[in-house]
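K.L.:
final.txt is the file, holding compact mmCIF, C-alpha atoms:
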# COMPACT_ATOMS: atom_id res chain seq x y z
CA LEU A 140 -92.77 39.43 -3.90
CA THR A 141 -93.17 36.09 -5.70
CA ASP A 142 -89.40 35.75 -6.16
CA ASN A 143 -87.89 33.23 -3.69
CA ARG A 144 -84.69 35.29 -3.66
CA ILE A 145 -86.69 38.02 -1.92
CA ILE A 146 -89.19 35.97 0.11
CA ILE A 147 -86.70 33.65 1.85
CA PRO A 148 -84.27 36.36 3.14
CA LEU A 149 -87.26 38.53 4.14
CA PHE A 150 -88.79 35.62 6.08
CA ILE A 151 -85.48 34.94 7.86
CA VAL A 152 -85.13 38.62 8.87
CA LEU A 153 -88.73 38.84 10.15
CA PHE A 154 -88.40 35.55 12.02
CA GLY A 155 -85.16 36.75 13.62
CA LEU A 156 -86.84 40.00 14.72
CA LEU A 157 -89.76 38.00 16.18
CA LEU A 158 -87.40 35.78 18.18
CA SER A 159 -85.46 38.82 19.40
CA TYR A 160 -88.70 40.51 20.52
CA GLN A 161 -89.85 37.37 22.37
CA PHE A 162 -86.50 37.04 24.16
CA LYS A 163 -86.72 40.70 25.18
CA ILE A 164 -90.21 40.20 26.67
CA LEU A 165 -89.08 36.98 28.40
CA LYS A 166 -86.21 38.80 30.11
CA ALA A 167 -88.38 41.74 31.18
CA THR A 168 -91.49 39.93 32.47
CA THR A 169 -91.97 38.36 35.90
CA ASP A 170 -95.42 36.88 35.24
CA GLU A 171 -95.18 33.06 35.45
CA LYS A 172 -97.94 32.41 32.88
CA THR A 173 -96.27 34.72 30.36
CA ILE A 174 -92.90 33.06 31.00
CA ARG A 175 -94.33 29.56 30.49
CA LEU A 176 -96.19 30.61 27.33
CA LEU A 177 -93.20 32.36 25.78
CA SER A 178 -90.86 29.53 26.77
CA SER A 179 -93.15 26.99 25.06
CA LEU A 180 -93.44 29.15 21.93
CA LEU A 181 -89.68 29.67 21.76
CA HIS A 182 -89.08 25.94 22.22
CA ILE A 183 -91.42 25.12 19.31
CA GLN A 184 -89.90 27.82 17.08
CA LEU A 185 -86.29 26.88 17.87
CA SER A 186 -87.13 23.21 17.29
CA GLY A 187 -88.47 24.24 13.88
CA VAL A 188 -85.27 26.16 13.12
CA PHE A 189 -83.18 23.17 14.25
CA PHE A 190 -85.22 20.85 11.99
CA ALA A 191 -85.00 23.24 9.01
CA ILE A 192 -81.21 23.52 9.31
CA ASN A 193 -80.80 19.76 9.60
CA PHE A 194 -83.19 19.15 6.70
CA GLY A 195 -81.12 21.54 4.57
CA ILE A 196 -77.90 19.77 5.55
CA ASN A 197 -79.33 16.35 4.72
CA TYR A 198 -80.80 17.59 1.43
CA TYR A 199 -77.35 18.89 0.44
CA ILE A 200 -75.88 15.44 1.20
CA TYR A 201 -78.69 13.84 -0.83
CA VAL A 202 -77.88 16.05 -3.84
CA ARG A 203 -74.15 15.33 -3.69
CA ALA A 204 -74.19 11.65 -2.71
CA ILE A 205 -77.35 10.31 -4.40
CA ARG A 206 -78.91 12.60 -7.00
CA ASP A 207 -75.72 13.77 -8.73
CA THR A 208 -74.24 10.27 -8.76
CA GLY A 209 -77.29 8.63 -10.33
CA MET A 210 -77.65 6.37 -7.31
CA ILE A 211 -81.40 6.95 -7.12
CA ALA A 212 -81.89 4.86 -10.27
CA VAL A 213 -79.55 2.08 -9.11
CA GLN A 214 -80.24 1.47 -5.43
CA ARG A 215 -83.62 2.68 -4.16
CA LYS A 216 -83.03 0.93 -0.82
CA ILE A 217 -80.08 3.25 -0.20
CA VAL A 218 -82.35 6.24 -0.89
CA TYR A 219 -84.99 4.97 1.57
CA LEU A 220 -82.34 4.29 4.20
CA PHE A 221 -80.92 7.77 3.68
CA PHE A 222 -84.30 9.45 4.23
CA ILE A 223 -84.93 7.43 7.40
CA SER A 224 -81.54 8.46 8.77
CA ALA A 225 -82.21 12.08 7.74
CA ILE A 226 -85.48 12.10 9.71
CA LEU A 227 -83.78 10.61 12.78
CA ALA A 228 -80.97 13.18 12.54
CA SER A 229 -83.35 16.12 12.03
CA PHE A 230 -85.45 15.16 15.06
CA SER A 231 -82.48 14.01 17.17
CA ARG A 232 -83.01 16.72 19.80
CA ASP A 233 -86.67 15.76 20.36
CA ILE A 234 -85.88 12.04 20.16
CA GLY A 235 -83.16 12.49 22.78
CA HIS A 236 -85.56 14.23 25.15
CA PHE A 237 -88.32 11.66 24.54
CA PHE A 238 -86.04 8.68 25.25
CA ALA A 239 -84.06 10.39 28.04
CA ALA A 240 -83.22 7.88 30.77
CA PRO A 241 -80.57 7.21 33.43
CA GLU A 242 -78.98 4.75 31.00
CA THR A 243 -78.50 5.92 27.41
CA HIS A 244 -81.23 4.64 25.07
CA ILE A 245 -80.01 3.07 21.84
CA ILE A 246 -82.41 5.16 19.72
CA SER A 247 -81.06 8.38 21.26
CA LEU A 248 -77.51 7.24 20.59
CA ILE A 249 -78.32 6.39 16.95
CA SER A 250 -80.16 9.68 16.29
CA PHE A 251 -77.39 11.83 17.78
CA SER A 252 -74.76 9.82 15.90
CA LEU A 253 -76.65 10.37 12.64
CA LEU A 254 -76.87 14.09 13.43
CA ALA A 255 -73.10 14.23 13.92
CA TRP A 256 -72.54 12.16 10.76
CA SER A 257 -74.72 14.47 8.62
CA ILE A 258 -72.90 17.59 9.84
CA ILE A 259 -69.46 16.04 9.25
CA THR A 260 -70.45 14.65 5.83
CA ALA A 261 -71.92 17.98 4.71
CA GLY A 262 -68.69 19.67 5.82
CA VAL A 263 -66.55 17.22 3.81
CA PHE A 264 -68.71 17.72 0.68
CA LEU A 265 -68.60 21.49 1.15
CA VAL A 266 -64.80 21.53 1.36
CA GLY A 267 -64.69 19.49 -1.87
CA ASP A 268 -67.09 21.88 -3.61
CA ILE A 269 -65.03 24.91 -2.54
CA LEU A 270 -61.79 23.32 -3.78
CA ARG A 271 -63.38 22.41 -7.14
CA PHE A 272 -64.75 25.93 -7.51
CA ILE A 273 -61.30 27.43 -6.88
CA SER A 274 -59.69 25.03 -9.38
CA SER A 275 -62.35 25.87 -12.00
CA LEU A 276 -61.26 29.51 -11.92
CA PHE A 277 -57.88 28.48 -13.33
CA ARG A 278 -59.21 25.91 -15.82
CA LYS A 279 -59.27 26.73 -19.54
CA SER A 280 -62.58 26.56 -21.44
CA PRO A 281 -62.85 23.64 -23.96
CA THR A 282 -62.45 24.48 -27.67
CA PRO A 283 -65.56 23.96 -29.92
CA SER A 284 -65.67 20.88 -32.22
CA SER A 285 -67.99 19.29 -34.86
CA SER A 286 -71.51 18.22 -33.80
CA SER A 287 -71.04 14.44 -34.35
CA SER A 288 -67.78 14.22 -32.49
CA SER A 289 -68.97 16.61 -29.77
CA SER A 290 -72.09 14.49 -29.07
CA SER A 291 -70.01 11.31 -28.58
CA LYS A 292 -67.55 13.26 -26.47
CA HIS A 293 -70.45 14.65 -24.44
CA ARG A 294 -71.70 11.11 -23.68
CA LYS A 295 -68.20 10.05 -22.63
CA LEU A 296 -67.76 13.17 -20.54
CA THR A 297 -71.16 12.67 -18.90
CA THR A 298 -70.34 9.06 -17.98
CA ALA A 299 -66.87 10.04 -16.77
CA SER A 300 -68.36 12.95 -14.78
CA VAL A 301 -70.90 10.68 -13.05
CA ASN A 302 -68.17 8.14 -12.24
CA ARG A 303 -65.98 10.90 -10.78
CA LYS A 304 -68.91 12.15 -8.71
CA ARG A 305 -69.53 8.62 -7.40
CA ILE A 306 -65.89 8.19 -6.45
CA ARG A 307 -65.86 11.59 -4.72
CA ALA A 308 -69.09 10.73 -2.89
CA ILE A 309 -67.73 7.35 -1.71
CA ILE A 310 -64.47 8.93 -0.53
CA SER A 311 -66.36 11.75 1.25
CA VAL A 312 -68.68 9.30 3.00
CA LEU A 313 -65.75 7.09 4.05
CA ILE A 314 -63.89 10.12 5.46
CA SER A 315 -66.92 11.39 7.41
CA THR A 316 -67.78 7.90 8.70
CA SER A 317 -64.22 7.30 9.89
CA MET A 318 -64.25 10.71 11.62
CA LEU A 319 -67.57 9.86 13.30
CA LEU A 320 -66.36 6.45 14.49
CA THR A 321 -63.17 8.04 15.85
CA GLY A 322 -65.27 10.56 17.76
CA VAL A 323 -67.66 7.90 19.10
CA PHE A 324 -64.84 5.65 20.34
CA SER A 325 -63.11 8.68 21.87
CA ALA A 326 -66.31 9.69 23.67
CA MET A 327 -67.00 6.15 24.91
CA ARG A 328 -63.59 5.66 26.52
CA SER A 329 -62.72 6.86 30.01
CA PRO A 330 -62.17 10.64 30.33
CA VAL A 331 -58.58 11.74 29.76
CA LEU A 332 -56.96 13.31 32.80
CA GLU A 333 -54.84 16.41 32.18
CA SER A 334 -52.83 18.05 34.97
CA THR A 335 -51.91 21.74 35.02
CA ASP A 336 -50.04 23.73 37.67
CA ILE A 337 -51.53 27.15 38.44
CA TYR A 338 -49.46 29.74 40.31
CA LEU A 339 -51.24 32.48 42.28
CA HIS A 340 -48.83 34.91 43.94
CA LYS A 341 -51.38 36.14 46.50
CA LEU A 342 -52.59 32.68 47.52
CA PRO A 343 -52.12 32.21 51.28
CA CYS A 344 -49.77 29.50 52.52
CA SER A 345 -52.71 27.66 54.15
CA LEU A 346 -54.18 27.02 50.68
CA ASP A 347 -50.92 26.17 48.94
CA LYS A 348 -50.71 22.95 46.88
CA MET A 349 -54.48 22.53 46.80
CA THR A 350 -56.03 20.34 44.10
CA LEU A 351 -58.90 21.52 41.89
CA VAL A 352 -60.65 19.04 39.60
CA GLN A 353 -62.71 20.41 36.71
CA ILE A 354 -65.48 18.39 35.04
CA SER A 355 -67.38 19.69 32.02
CA ASP A 356 -69.96 18.81 29.34
CA LEU A 357 -71.22 15.48 30.66
CA HIS A 358 -74.74 15.90 29.18
CA LEU A 359 -76.43 13.52 31.61
CA GLY A 360 -79.78 12.14 30.45
CA ASN A 361 -79.04 11.90 26.72
CA THR A 362 -75.72 10.37 25.76
CA PHE A 363 -73.91 9.99 29.09
CA SER A 364 -75.25 7.22 31.32
CA VAL A 365 -75.35 6.99 35.11
CA SER A 366 -73.04 3.96 35.09
CA ARG A 367 -70.38 5.99 33.25
CA MET A 368 -70.93 8.88 35.66
CA TYR A 369 -70.10 6.57 38.56
CA GLU A 370 -66.78 5.81 36.84
CA VAL A 371 -66.06 9.54 36.59
CA VAL A 372 -66.93 10.04 40.27
CA LYS A 373 -64.59 7.21 41.25
CA ARG A 374 -61.69 8.72 39.27
CA VAL A 375 -62.33 12.19 40.69
CA ASN A 376 -62.44 10.94 44.28
CA GLU A 377 -59.17 9.05 43.77
CA LEU A 378 -57.50 12.43 43.16
CA HIS A 379 -58.54 13.62 46.65
CA PRO A 380 -59.55 17.08 45.40
CA ASP A 381 -59.84 20.16 47.58
CA ILE A 382 -62.27 21.72 45.12
CA ILE A 383 -64.45 20.22 42.37
CA ALA A 384 -65.65 22.57 39.60
CA ILE A 385 -68.42 21.43 37.23
CA THR A 386 -68.41 23.94 34.39
CA GLY A 387 -71.68 23.63 32.52
CA ASP A 388 -73.77 21.28 30.37
CA LEU A 389 -74.12 18.82 33.24
CA ILE A 390 -77.73 17.89 32.45
CA ASP A 391 -79.13 17.89 28.92
CA THR A 392 -82.77 16.89 29.25
CA ALA A 393 -86.10 18.21 30.53
CA TYR A 394 -86.93 17.56 34.17
CA SER A 395 -88.73 14.35 35.12
CA GLU A 396 -89.09 12.45 38.40
CA SER A 397 -88.02 9.28 36.60
CA LEU A 398 -84.67 10.92 35.76
CA LEU A 399 -83.73 11.80 39.35
CA PRO A 400 -81.33 8.80 39.55
CA ILE A 401 -78.97 10.69 37.20
CA LEU A 402 -78.17 12.99 40.16
CA HIS A 403 -77.23 10.18 42.56
CA PRO A 404 -73.58 9.86 41.41
CA LEU A 405 -73.09 13.56 42.22
CA THR A 406 -73.89 12.83 45.87
CA GLN A 407 -70.84 10.53 45.97
CA LEU A 408 -68.36 13.28 45.01
CA LYS A 409 -66.00 14.21 47.84
CA SER A 410 -63.91 17.35 48.24
CA LYS A 411 -62.58 19.42 51.13
CA TYR A 412 -64.14 22.76 50.22
CA GLY A 413 -67.10 21.58 48.15
CA ILE A 414 -68.42 21.09 44.63
CA PHE A 415 -68.99 24.31 42.66
CA TYR A 416 -71.30 24.22 39.67
CA VAL A 417 -72.25 26.72 36.98
CA THR A 418 -74.81 26.17 34.22
CA GLY A 419 -73.99 25.96 30.53
CA ASN A 420 -76.36 26.61 27.63
CA HIS A 421 -77.76 23.08 27.39
CA GLU A 422 -79.41 23.18 30.81
CA TYR A 423 -81.58 25.99 29.42
CA MET A 424 -81.93 24.62 25.89
CA SER A 425 -83.40 21.41 27.32
CA GLY A 426 -86.01 23.47 29.21
CA GLY A 427 -85.34 21.92 32.61
CA ALA A 428 -82.99 24.38 34.32
CA ALA A 429 -85.64 25.85 36.64
CA GLN A 430 -86.51 22.37 37.99
CA TRP A 431 -83.00 20.85 38.06
CA LEU A 432 -81.22 23.70 39.89
CA PRO A 433 -83.15 23.32 43.19
CA ARG A 434 -82.47 19.56 43.10
CA LEU A 435 -78.76 20.19 42.63
CA GLN A 436 -78.73 22.78 45.43
CA SER A 437 -80.19 20.19 47.79
CA ILE A 438 -77.09 17.97 47.41
CA GLU A 439 -74.78 18.27 50.41
CA ASN A 440 -71.68 20.42 49.83
CA PHE A 441 -72.94 21.28 46.32
CA HIS A 442 -72.83 25.00 45.47
CA VAL A 443 -74.77 26.29 42.46
CA LEU A 444 -73.12 29.55 41.36
CA HIS A 445 -76.09 31.22 39.69
CA ASN A 446 -74.44 34.58 38.92
CA SER A 447 -72.99 34.43 42.42
CA ARG A 448 -69.79 33.73 44.34
CA GLU A 449 -68.54 31.59 47.22
CA ILE A 450 -65.46 32.05 49.36
CA VAL A 451 -62.90 29.26 49.74
CA GLY A 452 -60.96 29.27 52.99
CA LYS A 453 -61.34 31.87 55.70
CA GLU A 454 -61.70 35.42 54.44
CA LYS A 455 -59.74 36.93 57.32
CA GLU A 456 -56.83 34.56 56.70
CA GLY A 457 -56.69 35.29 52.98
CA GLY A 458 -59.21 33.02 51.26
CA PHE A 459 -60.37 33.55 47.69
CA TYR A 460 -63.65 33.71 45.83
CA ILE A 461 -64.98 31.30 43.21
CA VAL A 462 -67.35 33.17 40.89
CA GLY A 463 -69.88 31.59 38.54
CA THR A 464 -71.94 33.27 35.79
CA ASP A 465 -74.61 31.78 33.56
CA ASP A 466 -73.86 31.06 29.92
CA PRO A 467 -75.14 34.14 28.00
CA SER A 468 -76.53 31.98 25.17
CA GLY A 469 -78.58 30.04 27.77
Please render this file's structure as structure tokens.

P.N.:
Amino acid sequence: LTDNRIIIPLFIVLFGLLLSYQFKILKATTDEKTIRLLSSLLHIQLSGVFFAINFGINYYIYVRAIRDTGMIAVQRKIVYLFFISAILASFSRDIGHFFAAPETHIISLISFSLLAWSIITAGVFLVGDILRFISSLFRKSPTPSSSSSSSSKHRKLTTASVNRKRIRAIISVLISTSMLLTGVFSAMRSPVLESTDIYLHKLPCSLDKMTLVQISDLHLGNTFSVSRMYEVVKRVNELHPDIIAITGDLIDTAYSESLLPILHPLTQLKSKYGIFYVTGNHEYMSGGAAQWLPRLQSIENFHVLHNSREIVGKEKEGGFYIVGTDDPSG
């Protein structure tokens, strides 16, 4: 049992079974103390898993971009900067919750950006490694030569290999950074409006040509500020919707009285038949769903579809139901 090849997989299996057992108890119990205790334990354990995965990703980047390229002996400042960014990325979830505010905190934005950068960069390096492995399968083995000539060739090959690794690392980092910046600028601009016509043969004439506006994945409290939410509300109201559907991941932070202003823009939404909301997984991952849902339900004309349904129009005249179910992963 001293072999890491046995210990690590065994630990992962046992940890997975423990998590599964805790989730099973959490679903079955109705005792509030047990629910709070298990929820806290699961939050700590899942935070540990999140950190371990991110640490592994950042270590892989360190190996490919710094250790294998000999950069550690050339620029120690780059190494220190890398480890600071790795820590911020690994704890981005906790940092985001700690600095959650109606207006996005710069530290939260930096930590989440570094998290995205590390995942993209690791993906780019991984694709390169896979391609090199495939090409190595078709490469011929070098023929043996004399010791003196082979030693000089080895030095040249080692230098050339390090230079190639540095070039590959620079190109990979440039690709991932450009992809990150493209994503950040895309996320910071105004939401793109897409129009789709939906035909329902059994829809009554009284509900014909109605407008439904769907909003999704705003993540209020972490990376989406209240000021930007007001812009979204303004654009939605300009469409004069009959129905507004908010389809999950609306709030992405634990509940706090100081964060209640993030709900104020939602009170400005206007629609004929109401605003219909269903939770995503992030409302539960943030640990604040139980406190946020009653606050959302208190908003006028705001319907929280918590594994439930609401009728639109008059049932006798041929209305229809809007059904909402919770995200299973939440």

K.L.:
One decimal, in Å: what's the spacing between atom CA of Leu180 of chain A and atom CA of Pro241 of chain A?

P.N.:
27.9 Å

K.L.:
Here is a test: counting all atoms listed in the file, which residue of A:Tyr219, A:Arg206, A:Arg278, A:Ile192 is nearest to Ser257 of chain A?

P.N.:
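So, comparing all the options, the nearest one is A:Ile192.
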
K.L.:
Would you pick out the contacts of segment 407-416 of chain A at 8 Å or less, using only C-alpha atoms, so that residues sharing its chain but fewer than 3 positions from it are not included, and give the list as a list in words?

P.N.:
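Those residues are Val372, Val375, Asn376, His379, Pro380, Asp381, Ile382, Ile383, Ala384, Ile385, Thr386, Gly387, His403, Pro404, Asn440, Phe441, His442, Val443, Leu444, Val451, Gly452 and Gly463 of chain A.
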
K.L.:
Compare A:Glu242, A:Asp465, A:Asp233, A:Glu333 by their minimum atom-to-atom distance to Met368 of chain A, counting all atoms listed in the file, and give me the closest one.

P.N.:
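Residue with the minimum atom-to-atom distance to Met368 of chain A: A:Glu242.
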
K.L.:
Just give me the gap between atom CA of Glu377 of chain A and atom CA of Thr406 of chain A in Å, one decimal is fine.

P.N.:
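Atom CA of Thr406 of chain A lies at a distance of 15.3 Å from atom CA of Glu377 of chain A.
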
K.L.:
How far is it from atom CA of Gly322 of chain A to atom CA of Ile200 of chain A, in Å with one decimal?

P.N.:
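That distance, rounded to one decimal, is 20.3 Å.
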
K.L.:
Would you please work out which residue, of A:Tyr369, A:Phe277, A:Phe230, A:Tyr160, is nearest to Asn193 of chain A when using all atoms listed in the file?

P.N.:
A:Phe230

K.L.:
Is there a way to complete segment 238-262 of chain A with N, CA, C and O atoms and then write that out as a PDB file, in the coordinates of the input?

P.N.:
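Saved file out_0.pdb follows:
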ATOM      1  N   PHE A 238     -86.603   9.933  24.753  1.00  0.00           N
ATOM      2  CA  PHE A 238     -86.040   8.680  25.250  1.00  0.00           C
ATOM      3  C   PHE A 238     -85.009   8.909  26.370  1.00  0.00           C
ATOM      4  O   PHE A 238     -84.231   8.002  26.688  1.00  0.00           O
ATOM      5  N   ALA A 239     -85.009  10.111  26.954  1.00  0.00           N
ATOM      6  CA  ALA A 239     -84.060  10.390  28.040  1.00  0.00           C
ATOM      7  C   ALA A 239     -84.254   9.418  29.191  1.00  0.00           C
ATOM      8  O   ALA A 239     -85.380   9.147  29.605  1.00  0.00           O
ATOM      9  N   ALA A 240     -83.158   8.872  29.693  1.00  0.00           N
ATOM     10  CA  ALA A 240     -83.220   7.880  30.770  1.00  0.00           C
ATOM     11  C   ALA A 240     -81.868   7.853  31.485  1.00  0.00           C
ATOM     12  O   ALA A 240     -80.862   8.323  30.950  1.00  0.00           O
ATOM     13  N   PRO A 241     -81.852   7.316  32.717  1.00  0.00           N
ATOM     14  CA  PRO A 241     -80.570   7.210  33.430  1.00  0.00           C
ATOM     15  C   PRO A 241     -79.504   6.473  32.632  1.00  0.00           C
ATOM     16  O   PRO A 241     -78.322   6.825  32.690  1.00  0.00           O
ATOM     17  N   GLU A 242     -79.905   5.446  31.891  1.00  0.00           N
ATOM     18  CA  GLU A 242     -78.980   4.750  31.000  1.00  0.00           C
ATOM     19  C   GLU A 242     -79.316   5.115  29.559  1.00  0.00           C
ATOM     20  O   GLU A 242     -80.474   5.133  29.169  1.00  0.00           O
ATOM     21  N   THR A 243     -78.302   5.419  28.775  1.00  0.00           N
ATOM     22  CA  THR A 243     -78.500   5.920  27.410  1.00  0.00           C
ATOM     23  C   THR A 243     -79.318   4.948  26.567  1.00  0.00           C
ATOM     24  O   THR A 243     -79.001   3.761  26.485  1.00  0.00           O
ATOM     25  N   HIS A 244     -80.394   5.461  25.942  1.00  0.00           N
ATOM     26  CA  HIS A 244     -81.230   4.640  25.070  1.00  0.00           C
ATOM     27  C   HIS A 244     -80.574   4.521  23.702  1.00  0.00           C
ATOM     28  O   HIS A 244     -80.019   5.484  23.174  1.00  0.00           O
ATOM     29  N   ILE A 245     -80.668   3.340  23.112  1.00  0.00           N
ATOM     30  CA  ILE A 245     -80.010   3.070  21.840  1.00  0.00           C
ATOM     31  C   ILE A 245     -80.532   3.972  20.728  1.00  0.00           C
ATOM     32  O   ILE A 245     -79.768   4.419  19.851  1.00  0.00           O
ATOM     33  N   ILE A 246     -81.836   4.306  20.764  1.00  0.00           N
ATOM     34  CA  ILE A 246     -82.410   5.160  19.720  1.00  0.00           C
ATOM     35  C   ILE A 246     -81.841   6.575  19.830  1.00  0.00           C
ATOM     36  O   ILE A 246     -81.541   7.222  18.817  1.00  0.00           O
ATOM     37  N   SER A 247     -81.665   7.063  21.058  1.00  0.00           N
ATOM     38  CA  SER A 247     -81.060   8.380  21.260  1.00  0.00           C
ATOM     39  C   SER A 247     -79.630   8.395  20.725  1.00  0.00           C
ATOM     40  O   SER A 247     -79.211   9.345  20.047  1.00  0.00           O
ATOM     41  N   LEU A 248     -78.898   7.334  21.032  1.00  0.00           N
ATOM     42  CA  LEU A 248     -77.510   7.240  20.590  1.00  0.00           C
ATOM     43  C   LEU A 248     -77.420   7.226  19.063  1.00  0.00           C
ATOM     44  O   LEU A 248     -76.574   7.909  18.466  1.00  0.00           O
ATOM     45  N   ILE A 249     -78.321   6.476  18.417  1.00  0.00           N
ATOM     46  CA  ILE A 249     -78.320   6.390  16.950  1.00  0.00           C
ATOM     47  C   ILE A 249     -78.676   7.739  16.339  1.00  0.00           C
ATOM     48  O   ILE A 249     -78.019   8.202  15.400  1.00  0.00           O
ATOM     49  N   SER A 250     -79.716   8.410  16.869  1.00  0.00           N
ATOM     50  CA  SER A 250     -80.160   9.680  16.290  1.00  0.00           C
ATOM     51  C   SER A 250     -79.095  10.762  16.432  1.00  0.00           C
ATOM     52  O   SER A 250     -78.836  11.517  15.488  1.00  0.00           O
ATOM     53  N   PHE A 251     -78.446  10.836  17.593  1.00  0.00           N
ATOM     54  CA  PHE A 251     -77.390  11.830  17.780  1.00  0.00           C
ATOM     55  C   PHE A 251     -76.157  11.500  16.934  1.00  0.00           C
ATOM     56  O   PHE A 251     -75.474  12.412  16.445  1.00  0.00           O
ATOM     57  N   SER A 252     -75.880  10.214  16.761  1.00  0.00           N
ATOM     58  CA  SER A 252     -74.760   9.820  15.900  1.00  0.00           C
ATOM     59  C   SER A 252     -75.035  10.186  14.448  1.00  0.00           C
ATOM     60  O   SER A 252     -74.143  10.655  13.736  1.00  0.00           O
ATOM     61  N   LEU A 253     -76.280   9.999  14.012  1.00  0.00           N
ATOM     62  CA  LEU A 253     -76.650  10.370  12.640  1.00  0.00           C
ATOM     63  C   LEU A 253     -76.599  11.888  12.450  1.00  0.00           C
ATOM     64  O   LEU A 253     -76.225  12.372  11.374  1.00  0.00           O
ATOM     65  N   LEU A 254     -76.972  12.624  13.501  1.00  0.00           N
ATOM     66  CA  LEU A 254     -76.870  14.090  13.430  1.00  0.00           C
ATOM     67  C   LEU A 254     -75.407  14.502  13.231  1.00  0.00           C
ATOM     68  O   LEU A 254     -75.100  15.338  12.369  1.00  0.00           O
ATOM     69  N   ALA A 255     -74.525  13.914  14.042  1.00  0.00           N
ATOM     70  CA  ALA A 255     -73.100  14.230  13.920  1.00  0.00           C
ATOM     71  C   ALA A 255     -72.574  13.819  12.539  1.00  0.00           C
ATOM     72  O   ALA A 255     -71.807  14.564  11.908  1.00  0.00           O
ATOM     73  N   TRP A 256     -72.998  12.644  12.063  1.00  0.00           N
ATOM     74  CA  TRP A 256     -72.540  12.160  10.760  1.00  0.00           C
ATOM     75  C   TRP A 256     -72.978  13.104   9.640  1.00  0.00           C
ATOM     76  O   TRP A 256     -72.191  13.416   8.732  1.00  0.00           O
ATOM     77  N   SER A 257     -74.221  13.585   9.682  1.00  0.00           N
ATOM     78  CA  SER A 257     -74.720  14.470   8.620  1.00  0.00           C
ATOM     79  C   SER A 257     -73.959  15.791   8.599  1.00  0.00           C
ATOM     80  O   SER A 257     -73.636  16.310   7.524  1.00  0.00           O
ATOM     81  N   ILE A 258     -73.641  16.332   9.782  1.00  0.00           N
ATOM     82  CA  ILE A 258     -72.900  17.590   9.840  1.00  0.00           C
ATOM     83  C   ILE A 258     -71.481  17.411   9.300  1.00  0.00           C
ATOM     84  O   ILE A 258     -70.990  18.224   8.506  1.00  0.00           O
ATOM     85  N   ILE A 259     -70.829  16.309   9.720  1.00  0.00           N
ATOM     86  CA  ILE A 259     -69.460  16.040   9.250  1.00  0.00           C
ATOM     87  C   ILE A 259     -69.450  15.793   7.742  1.00  0.00           C
ATOM     88  O   ILE A 259     -68.606  16.336   7.016  1.00  0.00           O
ATOM     89  N   THR A 260     -70.400  14.990   7.258  1.00  0.00           N
ATOM     90  CA  THR A 260     -70.450  14.650   5.830  1.00  0.00           C
ATOM     91  C   THR A 260     -70.707  15.900   4.987  1.00  0.00           C
ATOM     92  O   THR A 260     -70.061  16.097   3.945  1.00  0.00           O
ATOM     93  N   ALA A 261     -71.651  16.738   5.428  1.00  0.00           N
ATOM     94  CA  ALA A 261     -71.920  17.980   4.710  1.00  0.00           C
ATOM     95  C   ALA A 261     -70.667  18.863   4.671  1.00  0.00           C
ATOM     96  O   ALA A 261     -70.370  19.491   3.649  1.00  0.00           O
ATOM     97  N   GLY A 262     -69.921  18.886   5.770  1.00  0.00           N
ATOM     98  CA  GLY A 262     -68.690  19.670   5.820  1.00  0.00           C
ATOM     99  C   GLY A 262     -67.641  19.148   4.845  1.00  0.00           C
ATOM    100  O   GLY A 262     -66.970  19.944   4.156  1.00  0.00           O
TER     101      GLY A 262
END
